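So this block is upload38.cif, mmCIF, N, CA, C and O atoms:
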data_structure
loop_
_atom_site.label_atom_id
_atom_site.label_comp_id
_atom_site.auth_asym_id
_atom_site.auth_seq_id
_atom_site.Cartn_x
_atom_site.Cartn_y
_atom_site.Cartn_z
N MET A 266 0.83 -1.16 0.00
CA MET A 266 0.00 0.00 0.00
C MET A 266 0.89 1.24 0.00
O MET A 266 1.85 1.33 0.72
N LEU A 267 0.54 2.21 -0.83
CA LEU A 267 1.27 3.46 -0.88
C LEU A 267 0.68 4.46 0.10
O LEU A 267 -0.54 4.57 0.23
N THR A 268 1.55 5.18 0.78
CA THR A 268 1.09 6.25 1.65
C THR A 268 1.90 7.49 1.34
O THR A 268 3.11 7.40 1.08
N GLU A 269 1.24 8.61 1.35
CA GLU A 269 1.94 9.86 1.10
C GLU A 269 2.33 10.49 2.43
O GLU A 269 1.67 10.26 3.45
N PRO A 270 3.40 11.27 2.44
CA PRO A 270 3.76 11.97 3.68
C PRO A 270 2.68 13.00 4.03
O PRO A 270 2.06 13.59 3.15
N ARG A 271 2.47 13.20 5.31
CA ARG A 271 1.48 14.19 5.74
C ARG A 271 1.82 15.57 5.19
O ARG A 271 0.93 16.33 4.82
N ALA A 272 3.11 15.88 5.12
CA ALA A 272 3.53 17.18 4.59
C ALA A 272 3.10 17.34 3.13
O ALA A 272 2.78 18.44 2.69
N GLY A 273 3.09 16.25 2.39
CA GLY A 273 2.65 16.30 1.00
C GLY A 273 1.19 16.67 0.87
O GLY A 273 0.80 17.48 0.02
N ARG A 274 0.36 16.07 1.73
CA ARG A 274 -1.07 16.43 1.74
C ARG A 274 -1.27 17.89 2.09
O ARG A 274 -2.06 18.59 1.46
N LEU A 275 -0.53 18.36 3.10
CA LEU A 275 -0.66 19.75 3.52
C LEU A 275 -0.25 20.69 2.39
O LEU A 275 -0.95 21.66 2.09
N ALA A 276 0.86 20.42 1.75
CA ALA A 276 1.32 21.29 0.67
C ALA A 276 0.35 21.26 -0.52
O ALA A 276 0.00 22.31 -1.07
N ALA A 277 -0.10 20.09 -0.91
CA ALA A 277 -0.99 19.98 -2.07
C ALA A 277 -2.33 20.67 -1.82
O ALA A 277 -2.78 21.50 -2.63
N TRP A 278 -2.99 20.35 -0.71
CA TRP A 278 -4.29 20.95 -0.43
C TRP A 278 -4.16 22.41 -0.03
O TRP A 278 -5.02 23.23 -0.36
N GLY A 279 -3.07 22.76 0.65
CA GLY A 279 -2.84 24.16 0.98
C GLY A 279 -2.65 25.00 -0.27
O GLY A 279 -3.16 26.12 -0.37
N ASN A 280 -1.94 24.47 -1.25
CA ASN A 280 -1.76 25.19 -2.51
C ASN A 280 -3.08 25.30 -3.29
O ASN A 280 -3.34 26.32 -3.93
N ALA A 281 -3.91 24.27 -3.20
CA ALA A 281 -5.23 24.35 -3.84
C ALA A 281 -6.07 25.45 -3.20
O ALA A 281 -6.77 26.21 -3.88
N LEU A 282 -5.97 25.57 -1.89
CA LEU A 282 -6.70 26.63 -1.19
C LEU A 282 -6.18 28.00 -1.58
O LEU A 282 -6.95 28.91 -1.89
N ILE A 283 -4.87 28.17 -1.58
CA ILE A 283 -4.27 29.45 -1.95
C ILE A 283 -4.66 29.85 -3.36
O ILE A 283 -4.89 31.03 -3.65
N ALA A 284 -4.79 28.88 -4.25
CA ALA A 284 -5.20 29.14 -5.63
C ALA A 284 -6.70 29.42 -5.75
O ALA A 284 -7.19 29.74 -6.83
N GLY A 285 -7.44 29.27 -4.65
CA GLY A 285 -8.87 29.52 -4.66
C GLY A 285 -9.70 28.38 -5.21
O GLY A 285 -10.86 28.57 -5.57
N MET A 286 -9.14 27.20 -5.25
CA MET A 286 -9.85 26.05 -5.82
C MET A 286 -10.65 25.26 -4.80
O MET A 286 -11.52 24.48 -5.19
N VAL A 287 -10.35 25.42 -3.50
CA VAL A 287 -11.10 24.76 -2.44
C VAL A 287 -11.24 25.72 -1.27
O VAL A 287 -10.48 26.67 -1.13
N SER A 288 -12.21 25.45 -0.41
CA SER A 288 -12.42 26.28 0.78
C SER A 288 -11.46 25.84 1.89
O SER A 288 -10.95 24.72 1.87
N PRO A 289 -11.23 26.71 2.88
CA PRO A 289 -10.40 26.29 4.02
C PRO A 289 -10.95 25.05 4.72
O PRO A 289 -10.19 24.18 5.11
N ASP A 290 -12.27 24.95 4.86
CA ASP A 290 -12.86 23.78 5.51
C ASP A 290 -12.59 22.51 4.72
O ASP A 290 -12.20 21.48 5.28
N ASP A 291 -12.79 22.55 3.40
CA ASP A 291 -12.56 21.36 2.56
C ASP A 291 -11.08 20.98 2.57
O ASP A 291 -10.73 19.79 2.63
N ALA A 292 -10.20 21.97 2.50
CA ALA A 292 -8.77 21.69 2.53
C ALA A 292 -8.38 21.04 3.85
O ALA A 292 -7.65 20.04 3.87
N ALA A 293 -8.87 21.57 4.96
CA ALA A 293 -8.52 21.02 6.28
C ALA A 293 -8.98 19.58 6.42
O ALA A 293 -8.24 18.73 6.92
N VAL A 294 -10.19 19.27 5.97
CA VAL A 294 -10.70 17.90 6.05
C VAL A 294 -9.82 16.96 5.22
O VAL A 294 -9.46 15.86 5.66
N ALA A 295 -9.44 17.38 4.03
CA ALA A 295 -8.60 16.54 3.17
C ALA A 295 -7.20 16.36 3.74
O ALA A 295 -6.61 15.29 3.63
N ILE A 296 -6.67 17.41 4.35
CA ILE A 296 -5.33 17.34 4.93
C ILE A 296 -5.30 16.41 6.12
O ILE A 296 -4.43 15.55 6.24
N VAL A 297 -6.25 16.56 7.01
CA VAL A 297 -6.25 15.77 8.25
C VAL A 297 -6.59 14.32 7.99
O VAL A 297 -5.91 13.42 8.50
N GLY A 298 -7.61 14.05 7.20
CA GLY A 298 -8.00 12.66 6.93
C GLY A 298 -8.20 11.92 8.23
O GLY A 298 -8.95 12.35 9.10
N ASP A 299 -7.51 10.79 8.41
CA ASP A 299 -7.60 9.99 9.63
C ASP A 299 -6.50 10.34 10.64
O ASP A 299 -6.32 9.66 11.62
N ASP A 300 -5.77 11.41 10.35
CA ASP A 300 -4.64 11.82 11.17
C ASP A 300 -5.11 12.56 12.42
O ASP A 300 -6.28 12.87 12.58
N ALA A 301 -4.17 12.90 13.26
CA ALA A 301 -4.45 13.67 14.46
C ALA A 301 -4.80 15.12 14.09
O ALA A 301 -4.53 15.57 12.98
N VAL A 302 -5.37 15.82 15.02
CA VAL A 302 -5.70 17.23 14.83
C VAL A 302 -4.41 18.01 14.59
O VAL A 302 -3.40 17.78 15.24
N HIS A 303 -4.44 18.92 13.64
CA HIS A 303 -3.27 19.75 13.32
C HIS A 303 -3.44 21.12 13.95
O HIS A 303 -4.51 21.70 13.88
N ARG A 304 -2.36 21.66 14.51
CA ARG A 304 -2.34 23.00 15.07
C ARG A 304 -1.16 23.73 14.43
O ARG A 304 -0.12 23.14 14.18
N VAL A 305 -1.35 25.02 14.17
CA VAL A 305 -0.31 25.82 13.53
C VAL A 305 0.19 26.85 14.53
O VAL A 305 -0.60 27.59 15.12
N GLU A 306 1.49 26.89 14.72
CA GLU A 306 2.12 27.83 15.65
C GLU A 306 2.83 28.93 14.88
O GLU A 306 3.27 28.73 13.76
N GLY A 307 2.93 30.10 15.51
CA GLY A 307 3.70 31.20 14.94
C GLY A 307 2.99 31.97 13.85
O GLY A 307 3.64 32.69 13.09
N LEU A 308 1.69 31.86 13.76
CA LEU A 308 0.93 32.58 12.74
C LEU A 308 0.86 34.05 13.13
O LEU A 308 0.51 34.38 14.26
N PRO A 309 1.20 34.96 12.22
CA PRO A 309 1.14 36.38 12.54
C PRO A 309 -0.24 36.79 13.06
O PRO A 309 -1.26 36.38 12.51
N GLY A 310 -0.24 37.55 14.15
CA GLY A 310 -1.48 38.03 14.73
C GLY A 310 -2.13 37.09 15.72
O GLY A 310 -3.16 37.40 16.29
N GLU A 311 -1.52 35.92 15.95
CA GLU A 311 -2.08 34.95 16.89
C GLU A 311 -1.09 34.71 18.03
O GLU A 311 0.10 34.52 17.79
N ALA A 312 -1.60 34.70 19.25
CA ALA A 312 -0.75 34.52 20.43
C ALA A 312 -0.31 33.08 20.65
O ALA A 312 0.70 32.83 21.29
N GLY A 313 -1.07 32.14 20.13
CA GLY A 313 -0.75 30.73 20.34
C GLY A 313 -1.14 29.90 19.15
O GLY A 313 -1.50 30.43 18.09
N PRO A 314 -1.10 28.58 19.30
CA PRO A 314 -1.47 27.69 18.20
C PRO A 314 -2.94 27.87 17.81
O PRO A 314 -3.78 28.17 18.66
N VAL A 315 -3.22 27.72 16.51
CA VAL A 315 -4.59 27.84 16.00
C VAL A 315 -4.92 26.61 15.17
O VAL A 315 -4.03 25.88 14.73
N GLY A 316 -6.20 26.40 14.93
CA GLY A 316 -6.64 25.28 14.11
C GLY A 316 -6.26 25.45 12.65
O GLY A 316 -5.97 26.56 12.17
N LEU A 317 -6.27 24.37 11.94
CA LEU A 317 -5.83 24.33 10.56
C LEU A 317 -6.70 25.19 9.64
O LEU A 317 -6.19 25.89 8.77
N THR A 318 -8.02 25.15 9.82
CA THR A 318 -8.90 25.94 8.96
C THR A 318 -8.59 27.43 9.08
O THR A 318 -8.45 28.12 8.08
N LEU A 319 -8.48 27.92 10.31
CA LEU A 319 -8.15 29.33 10.52
C LEU A 319 -6.78 29.65 9.94
O LEU A 319 -6.60 30.66 9.26
N ALA A 320 -5.80 28.78 10.19
CA ALA A 320 -4.44 29.03 9.71
C ALA A 320 -4.37 29.11 8.19
O ALA A 320 -3.74 30.00 7.63
N LEU A 321 -5.03 28.19 7.51
CA LEU A 321 -4.99 28.19 6.04
C LEU A 321 -5.66 29.44 5.47
O LEU A 321 -5.13 30.08 4.56
N GLY A 322 -6.82 29.79 6.01
CA GLY A 322 -7.50 31.00 5.55
C GLY A 322 -6.68 32.24 5.82
O GLY A 322 -6.59 33.15 4.98
N ARG A 323 -6.05 32.31 6.99
CA ARG A 323 -5.23 33.46 7.34
C ARG A 323 -4.00 33.56 6.45
O ARG A 323 -3.63 34.65 6.01
N LEU A 324 -3.36 32.44 6.16
CA LEU A 324 -2.19 32.48 5.26
C LEU A 324 -2.57 33.02 3.89
O LEU A 324 -1.85 33.83 3.31
N ARG A 325 -3.72 32.59 3.39
CA ARG A 325 -4.19 33.10 2.09
C ARG A 325 -4.46 34.59 2.18
O ARG A 325 -4.04 35.36 1.32
N ALA A 326 -5.12 35.03 3.26
CA ALA A 326 -5.43 36.46 3.43
C ALA A 326 -4.17 37.30 3.60
O ALA A 326 -4.13 38.46 3.18
N LEU A 327 -3.13 36.71 4.18
CA LEU A 327 -1.86 37.42 4.36
C LEU A 327 -1.03 37.48 3.09
O LEU A 327 0.03 38.09 3.07
N GLY A 328 -1.50 36.83 2.04
CA GLY A 328 -0.80 36.91 0.76
C GLY A 328 0.15 35.77 0.46
O GLY A 328 0.98 35.88 -0.45
N ALA A 329 0.04 34.66 1.19
CA ALA A 329 0.89 33.50 0.87
C ALA A 329 0.64 33.11 -0.58
O ALA A 329 -0.49 33.09 -1.05
N ARG A 330 1.72 32.81 -1.30
CA ARG A 330 1.60 32.46 -2.72
C ARG A 330 1.78 30.98 -2.98
O ARG A 330 1.57 30.51 -4.09
N GLY A 331 2.18 30.22 -1.96
CA GLY A 331 2.34 28.79 -2.14
C GLY A 331 3.04 28.15 -0.96
O GLY A 331 3.69 28.82 -0.18
N LEU A 332 2.86 26.85 -0.84
CA LEU A 332 3.51 26.06 0.20
C LEU A 332 4.48 25.10 -0.46
O LEU A 332 4.25 24.64 -1.58
N ARG A 333 5.56 24.80 0.24
CA ARG A 333 6.59 23.93 -0.31
C ARG A 333 6.86 22.80 0.66
O ARG A 333 6.95 23.01 1.86
N VAL A 334 6.97 21.59 0.15
CA VAL A 334 7.23 20.43 0.99
C VAL A 334 8.73 20.13 1.00
O VAL A 334 9.42 20.31 -0.01
N ALA A 335 9.22 19.70 2.16
CA ALA A 335 10.60 19.24 2.30
C ALA A 335 10.56 17.88 2.97
O ALA A 335 9.80 17.66 3.91
N LEU A 336 11.36 16.95 2.45
CA LEU A 336 11.44 15.60 3.01
C LEU A 336 12.90 15.31 3.37
O LEU A 336 13.57 14.50 2.73
N PRO A 337 13.39 15.97 4.43
CA PRO A 337 14.80 15.81 4.79
C PRO A 337 15.07 14.47 5.46
O PRO A 337 14.17 13.82 5.99
N ALA A 338 16.33 14.08 5.41
CA ALA A 338 16.79 12.87 6.09
C ALA A 338 18.03 13.24 6.90
O ALA A 338 18.73 14.20 6.55
N PRO A 339 18.33 12.52 7.96
CA PRO A 339 19.53 12.83 8.74
C PRO A 339 20.76 12.91 7.85
O PRO A 339 21.01 12.04 7.02
N GLY A 340 21.49 14.01 7.98
CA GLY A 340 22.68 14.22 7.16
C GLY A 340 22.38 14.77 5.79
O GLY A 340 23.29 15.05 5.01
N HIS A 341 21.12 14.92 5.46
CA HIS A 341 20.72 15.40 4.13
C HIS A 341 19.49 16.31 4.28
O HIS A 341 18.37 15.89 3.98
N PRO A 342 19.70 17.54 4.75
CA PRO A 342 18.57 18.43 5.04
C PRO A 342 18.02 19.16 3.81
O PRO A 342 17.65 20.32 3.89
N LEU A 343 17.94 18.50 2.70
CA LEU A 343 17.49 19.11 1.46
C LEU A 343 16.13 19.78 1.62
O LEU A 343 15.19 19.20 2.14
N GLY A 344 16.03 21.02 1.18
CA GLY A 344 14.78 21.75 1.19
C GLY A 344 14.51 22.54 2.45
O GLY A 344 13.53 23.27 2.51
N LEU A 345 15.35 22.42 3.45
CA LEU A 345 15.12 23.15 4.69
C LEU A 345 15.83 24.50 4.66
O LEU A 345 17.03 24.58 4.45
N SER A 346 15.05 25.55 4.86
CA SER A 346 15.64 26.89 4.88
C SER A 346 15.06 27.71 6.02
O SER A 346 15.17 28.92 6.04
N GLY A 347 14.46 27.02 6.98
CA GLY A 347 13.81 27.71 8.09
C GLY A 347 14.77 28.03 9.21
O GLY A 347 15.97 27.73 9.14
N PRO A 348 14.25 28.59 10.29
CA PRO A 348 15.07 28.81 11.49
C PRO A 348 15.56 27.48 12.05
O PRO A 348 14.99 26.42 11.77
N ARG A 349 16.58 27.54 12.87
CA ARG A 349 17.22 26.33 13.41
C ARG A 349 16.22 25.39 14.08
O ARG A 349 16.25 24.18 13.86
N GLU A 350 15.31 25.93 14.92
CA GLU A 350 14.34 25.07 15.62
C GLU A 350 13.41 24.37 14.63
O GLU A 350 13.12 23.19 14.78
N PHE A 351 12.96 25.09 13.62
CA PHE A 351 12.10 24.49 12.59
C PHE A 351 12.85 23.36 11.88
O PHE A 351 12.32 22.27 11.70
N ASN A 352 14.09 23.63 11.48
CA ASN A 352 14.88 22.62 10.78
C ASN A 352 15.10 21.39 11.64
O ASN A 352 15.01 20.25 11.15
N ALA A 353 15.36 21.57 12.93
CA ALA A 353 15.58 20.43 13.83
C ALA A 353 14.31 19.58 13.93
O ALA A 353 14.37 18.35 13.87
N ARG A 354 13.16 20.24 14.07
CA ARG A 354 11.90 19.49 14.17
C ARG A 354 11.57 18.80 12.85
O ARG A 354 11.05 17.68 12.84
N ALA A 355 11.88 19.44 11.74
CA ALA A 355 11.64 18.84 10.42
C ALA A 355 12.51 17.61 10.22
O ALA A 355 12.06 16.60 9.69
N LEU A 356 13.76 17.69 10.63
CA LEU A 356 14.65 16.52 10.52
C LEU A 356 14.15 15.37 11.38
O LEU A 356 14.18 14.21 10.95
N GLU A 357 13.66 15.69 12.56
CA GLU A 357 13.12 14.66 13.45
C GLU A 357 11.90 13.99 12.83
O GLU A 357 11.76 12.77 12.86
N ALA A 358 11.02 14.79 12.22
CA ALA A 358 9.79 14.25 11.62
C ALA A 358 10.02 13.69 10.22
O ALA A 358 9.18 12.98 9.69
N GLU A 359 11.15 14.05 9.61
CA GLU A 359 11.50 13.67 8.24
C GLU A 359 10.53 14.24 7.21
O GLU A 359 10.37 13.71 6.11
N GLU A 360 9.86 15.36 7.58
CA GLU A 360 8.99 16.06 6.65
C GLU A 360 8.66 17.44 7.23
O GLU A 360 8.70 17.64 8.44
N ALA A 361 8.37 18.37 6.33
CA ALA A 361 7.99 19.73 6.73
C ALA A 361 7.32 20.45 5.58
O ALA A 361 7.47 20.08 4.43
N VAL A 362 6.55 21.49 5.92
CA VAL A 362 5.94 22.36 4.92
C VAL A 362 6.29 23.78 5.30
O VAL A 362 6.19 24.18 6.44
#

Show the structure stored in the file as structure tokens.
Amino acid sequence: MLTEPRAGRLAAWGNALIAGMVSPDDAAVAIVGDDAVHRVEGLPGEAGPVGLTLALGRLRALGARGLRVALPAPGHPLGLSGPREFNARALEAEEAV
């Protein structure tokens, strides 16, 4: 059975939302699927973590033009250009958006 990385679902559906092809609610349902609840930290204007629907809509309203997936591996951090803490967490998870 093939499974896609969670980061891939987030990037694909998030980009569909940014392009105006799906609503934040539809994107969030497709992203989460059978997975755990997703929370987004560090969103401008928010004091703490927020739900995925709010985060996706806010990113679009803030002018985000696209999401990019990174699938790093230990010793090979390809695609990571974030702050040190983000990169460390992405390496641990072996995926990031």

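With all atoms listed in the file as the basis for measurement, A:Ala329 is the residue among A:Ala361, A:Leu308, A:Ala329, A:Ile296 that approaches A:Ala284 most closely.
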
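With only C-alpha atoms as the atoms that count, the minimum distance from A:Arg333 to the choices A:Ala292, A:Val362, A:Leu356, A:Ile283 is reached by A:Val362.
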
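All residues of protein, DNA or RNA that reach within 8 Å of stretch 334-340 of chain A, judged by only C-alpha atoms and not counting those fewer than 2 positions away in the chain, are Ala272, Gly273, Ala276, Leu332, Pro342, Leu343, Gly344, Leu345, Ala355, Leu356, Glu359, Glu360, Ala361 and Val362 of chain A.
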
Restrict the selected residues to N, CA, C and O atoms and save them as a compact mmCIF listing (two decimals), keeping the file's coordinate frame.
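Output file again_38.txt is given in full below:
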# COMPACT_ATOMS: atom_id res chain seq x y z
N ALA A 272 3.11 15.88 5.12
CA ALA A 272 3.53 17.18 4.59
C ALA A 272 3.10 17.34 3.13
O ALA A 272 2.78 18.44 2.69
N GLY A 273 3.09 16.25 2.39
CA GLY A 273 2.65 16.30 1.00
C GLY A 273 1.19 16.67 0.87
O GLY A 273 0.80 17.48 0.02
N ALA A 276 0.86 20.42 1.75
CA ALA A 276 1.32 21.29 0.67
C ALA A 276 0.35 21.26 -0.52
O ALA A 276 0.00 22.31 -1.07
N LEU A 332 2.86 26.85 -0.84
CA LEU A 332 3.51 26.06 0.20
C LEU A 332 4.48 25.10 -0.46
O LEU A 332 4.25 24.64 -1.58
N PRO A 342 19.70 17.54 4.75
CA PRO A 342 18.57 18.43 5.04
C PRO A 342 18.02 19.16 3.81
O PRO A 342 17.65 20.32 3.89
N LEU A 343 17.94 18.50 2.70
CA LEU A 343 17.49 19.11 1.46
C LEU A 343 16.13 19.78 1.62
O LEU A 343 15.19 19.20 2.14
N GLY A 344 16.03 21.02 1.18
CA GLY A 344 14.78 21.75 1.19
C GLY A 344 14.51 22.54 2.45
O GLY A 344 13.53 23.27 2.51
N LEU A 345 15.35 22.42 3.45
CA LEU A 345 15.12 23.15 4.69
C LEU A 345 15.83 24.50 4.66
O LEU A 345 17.03 24.58 4.45
N ALA A 355 11.88 19.44 11.74
CA ALA A 355 11.64 18.84 10.42
C ALA A 355 12.51 17.61 10.22
O ALA A 355 12.06 16.60 9.69
N LEU A 356 13.76 17.69 10.63
CA LEU A 356 14.65 16.52 10.52
C LEU A 356 14.15 15.37 11.38
O LEU A 356 14.18 14.21 10.95
N GLU A 359 11.15 14.05 9.61
CA GLU A 359 11.50 13.67 8.24
C GLU A 359 10.53 14.24 7.21
O GLU A 359 10.37 13.71 6.11
N GLU A 360 9.86 15.36 7.58
CA GLU A 360 8.99 16.06 6.65
C GLU A 360 8.66 17.44 7.23
O GLU A 360 8.70 17.64 8.44
N ALA A 361 8.37 18.37 6.33
CA ALA A 361 7.99 19.73 6.73
C ALA A 361 7.32 20.45 5.58
O ALA A 361 7.47 20.08 4.43
N VAL A 362 6.55 21.49 5.92
CA VAL A 362 5.94 22.36 4.92
C VAL A 362 6.29 23.78 5.30
O VAL A 362 6.19 24.18 6.44

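If all atoms listed in the file are the atoms counted, then among A:Asp291, A:Ala281, A:Arg330, A:Ala301 the closest residue to A:Thr318 is A:Asp291.
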
*Grab the atom N of A:Gly307 to atom C of A:Ser346 distance for me, in Å with one decimal place.*
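If I compute the distance from atom N of A:Gly307 to atom C of A:Ser346, I get 15.6 Å.
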
*Would you work out the distance separating atom N of A:Thr268 from atom N of A:Ala358, expressed in Å to one decimal?*
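About the pair atom N of A:Thr268 and atom N of A:Ala358: they are 17.7 Å apart.
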
*Please, which residues of stretch 316-356 of chain A, numbered as in this document, come out alpha helix (DSSP H) from DSSP, as a ChimeraX atom specification?*
/A:317-326,349-356

Write the residues of the preceding selection, restricted to N, CA, C and O atoms, as a tab-separated table (two decimals), keeping the file's coordinate frame.
chain	number	residue	atom	x	y	z
A	317	LEU	N	-6.27	24.37	11.94
A	317	LEU	CA	-5.83	24.33	10.56
A	317	LEU	C	-6.70	25.19	9.64
A	317	LEU	O	-6.19	25.89	8.77
A	318	THR	N	-8.02	25.15	9.82
A	318	THR	CA	-8.90	25.94	8.96
A	318	THR	C	-8.59	27.43	9.08
A	318	THR	O	-8.45	28.12	8.08
A	319	LEU	N	-8.48	27.92	10.31
A	319	LEU	CA	-8.15	29.33	10.52
A	319	LEU	C	-6.78	29.65	9.94
A	319	LEU	O	-6.60	30.66	9.26
A	320	ALA	N	-5.80	28.78	10.19
A	320	ALA	CA	-4.44	29.03	9.71
A	320	ALA	C	-4.37	29.11	8.19
A	320	ALA	O	-3.74	30.00	7.63
A	321	LEU	N	-5.03	28.19	7.51
A	321	LEU	CA	-4.99	28.19	6.04
A	321	LEU	C	-5.66	29.44	5.47
A	321	LEU	O	-5.13	30.08	4.56
A	322	GLY	N	-6.82	29.79	6.01
A	322	GLY	CA	-7.50	31.00	5.55
A	322	GLY	C	-6.68	32.24	5.82
A	322	GLY	O	-6.59	33.15	4.98
A	323	ARG	N	-6.05	32.31	6.99
A	323	ARG	CA	-5.23	33.46	7.34
A	323	ARG	C	-4.00	33.56	6.45
A	323	ARG	O	-3.63	34.65	6.01
A	324	LEU	N	-3.36	32.44	6.16
A	324	LEU	CA	-2.19	32.48	5.26
A	324	LEU	C	-2.57	33.02	3.89
A	324	LEU	O	-1.85	33.83	3.31
A	325	ARG	N	-3.72	32.59	3.39
A	325	ARG	CA	-4.19	33.10	2.09
A	325	ARG	C	-4.46	34.59	2.18
A	325	ARG	O	-4.04	35.36	1.32
A	326	ALA	N	-5.12	35.03	3.26
A	326	ALA	CA	-5.43	36.46	3.43
A	326	ALA	C	-4.17	37.30	3.60
A	326	ALA	O	-4.13	38.46	3.18
A	349	ARG	N	16.58	27.54	12.87
A	349	ARG	CA	17.22	26.33	13.41
A	349	ARG	C	16.22	25.39	14.08
A	349	ARG	O	16.25	24.18	13.86
A	350	GLU	N	15.31	25.93	14.92
A	350	GLU	CA	14.34	25.07	15.62
A	350	GLU	C	13.41	24.37	14.63
A	350	GLU	O	13.12	23.19	14.78
A	351	PHE	N	12.96	25.09	13.62
A	351	PHE	CA	12.10	24.49	12.59
A	351	PHE	C	12.85	23.36	11.88
A	351	PHE	O	12.32	22.27	11.70
A	352	ASN	N	14.09	23.63	11.48
A	352	ASN	CA	14.88	22.62	10.78
A	352	ASN	C	15.10	21.39	11.64
A	352	ASN	O	15.01	20.25	11.15
A	353	ALA	N	15.36	21.57	12.93
A	353	ALA	CA	15.58	20.43	13.83
A	353	ALA	C	14.31	19.58	13.93
A	353	ALA	O	14.37	18.35	13.87
A	354	ARG	N	13.16	20.24	14.07
A	354	ARG	CA	11.90	19.49	14.17
A	354	ARG	C	11.57	18.80	12.85
A	354	ARG	O	11.05	17.68	12.84
A	355	ALA	N	11.88	19.44	11.74
A	355	ALA	CA	11.64	18.84	10.42
A	355	ALA	C	12.51	17.61	10.22
A	355	ALA	O	12.06	16.60	9.69
A	356	LEU	N	13.76	17.69	10.63
A	356	LEU	CA	14.65	16.52	10.52
A	356	LEU	C	14.15	15.37	11.38
A	356	LEU	O	14.18	14.21	10.95

*Kindly indicate which residue among A:Ala295, A:Phe351, A:Val302, A:Gly328 lies nearest to A:Gly316, using all atoms listed in the file for the distances.*
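Checking each candidate against A:Gly316, we get A:Val302 as the closest.
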
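Interatomic distance, atom CA of A:Arg325 against atom CA of A:Glu311: 15.1 Å.
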
When the PyMOL selection byres (((chain A and resi 320 and name CA) around 10) and name CA) is applied to the file above, which residues end up in the set, as a CSV table (one decimal) with N, CA, C and O atoms, keeping the file's coordinate frame?
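Listed below is the output, expr.csv:
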chain,number,residue,atom,x,y,z
A,289,PRO,N,-11.2,26.7,2.9
A,289,PRO,CA,-10.4,26.3,4.0
A,289,PRO,C,-11.0,25.0,4.7
A,289,PRO,O,-10.2,24.2,5.1
A,293,ALA,N,-8.9,21.6,5.0
A,293,ALA,CA,-8.5,21.0,6.3
A,293,ALA,C,-9.0,19.6,6.4
A,293,ALA,O,-8.2,18.7,6.9
A,304,ARG,N,-2.4,21.7,14.5
A,304,ARG,CA,-2.3,23.0,15.1
A,304,ARG,C,-1.2,23.7,14.4
A,304,ARG,O,-0.1,23.1,14.2
A,305,VAL,N,-1.4,25.0,14.2
A,305,VAL,CA,-0.3,25.8,13.5
A,305,VAL,C,0.2,26.8,14.5
A,305,VAL,O,-0.6,27.6,15.1
A,306,GLU,N,1.5,26.9,14.7
A,306,GLU,CA,2.1,27.8,15.6
A,306,GLU,C,2.8,28.9,14.9
A,306,GLU,O,3.3,28.7,13.8
A,307,GLY,N,2.9,30.1,15.5
A,307,GLY,CA,3.7,31.2,14.9
A,307,GLY,C,3.0,32.0,13.8
A,307,GLY,O,3.6,32.7,13.1
A,308,LEU,N,1.7,31.9,13.8
A,308,LEU,CA,0.9,32.6,12.7
A,308,LEU,C,0.9,34.0,13.1
A,308,LEU,O,0.5,34.4,14.3
A,309,PRO,N,1.2,35.0,12.2
A,309,PRO,CA,1.1,36.4,12.5
A,309,PRO,C,-0.2,36.8,13.1
A,309,PRO,O,-1.3,36.4,12.5
A,311,GLU,N,-1.5,35.9,16.0
A,311,GLU,CA,-2.1,35.0,16.9
A,311,GLU,C,-1.1,34.7,18.0
A,311,GLU,O,0.1,34.5,17.8
A,314,PRO,N,-1.1,28.6,19.3
A,314,PRO,CA,-1.5,27.7,18.2
A,314,PRO,C,-2.9,27.9,17.8
A,314,PRO,O,-3.8,28.2,18.7
A,315,VAL,N,-3.2,27.7,16.5
A,315,VAL,CA,-4.6,27.8,16.0
A,315,VAL,C,-4.9,26.6,15.2
A,315,VAL,O,-4.0,25.9,14.7
A,316,GLY,N,-6.2,26.4,14.9
A,316,GLY,CA,-6.6,25.3,14.1
A,316,GLY,C,-6.3,25.4,12.6
A,316,GLY,O,-6.0,26.6,12.2
A,317,LEU,N,-6.3,24.4,11.9
A,317,LEU,CA,-5.8,24.3,10.6
A,317,LEU,C,-6.7,25.2,9.6
A,317,LEU,O,-6.2,25.9,8.8
A,318,THR,N,-8.0,25.2,9.8
A,318,THR,CA,-8.9,25.9,9.0
A,318,THR,C,-8.6,27.4,9.1
A,318,THR,O,-8.4,28.1,8.1
A,319,LEU,N,-8.5,27.9,10.3
A,319,LEU,CA,-8.2,29.3,10.5
A,319,LEU,C,-6.8,29.6,9.9
A,319,LEU,O,-6.6,30.7,9.3
A,321,LEU,N,-5.0,28.2,7.5
A,321,LEU,CA,-5.0,28.2,6.0
A,321,LEU,C,-5.7,29.4,5.5
A,321,LEU,O,-5.1,30.1,4.6
A,322,GLY,N,-6.8,29.8,6.0
A,322,GLY,CA,-7.5,31.0,5.6
A,322,GLY,C,-6.7,32.2,5.8
A,322,GLY,O,-6.6,33.2,5.0
A,323,ARG,N,-6.0,32.3,7.0
A,323,ARG,CA,-5.2,33.5,7.3
A,323,ARG,C,-4.0,33.6,6.4
A,323,ARG,O,-3.6,34.6,6.0
A,324,LEU,N,-3.4,32.4,6.2
A,324,LEU,CA,-2.2,32.5,5.3
A,324,LEU,C,-2.6,33.0,3.9
A,324,LEU,O,-1.8,33.8,3.3
A,325,ARG,N,-3.7,32.6,3.4
A,325,ARG,CA,-4.2,33.1,2.1
A,325,ARG,C,-4.5,34.6,2.2
A,325,ARG,O,-4.0,35.4,1.3
A,326,ALA,N,-5.1,35.0,3.3
A,326,ALA,CA,-5.4,36.5,3.4
A,326,ALA,C,-4.2,37.3,3.6
A,326,ALA,O,-4.1,38.5,3.2
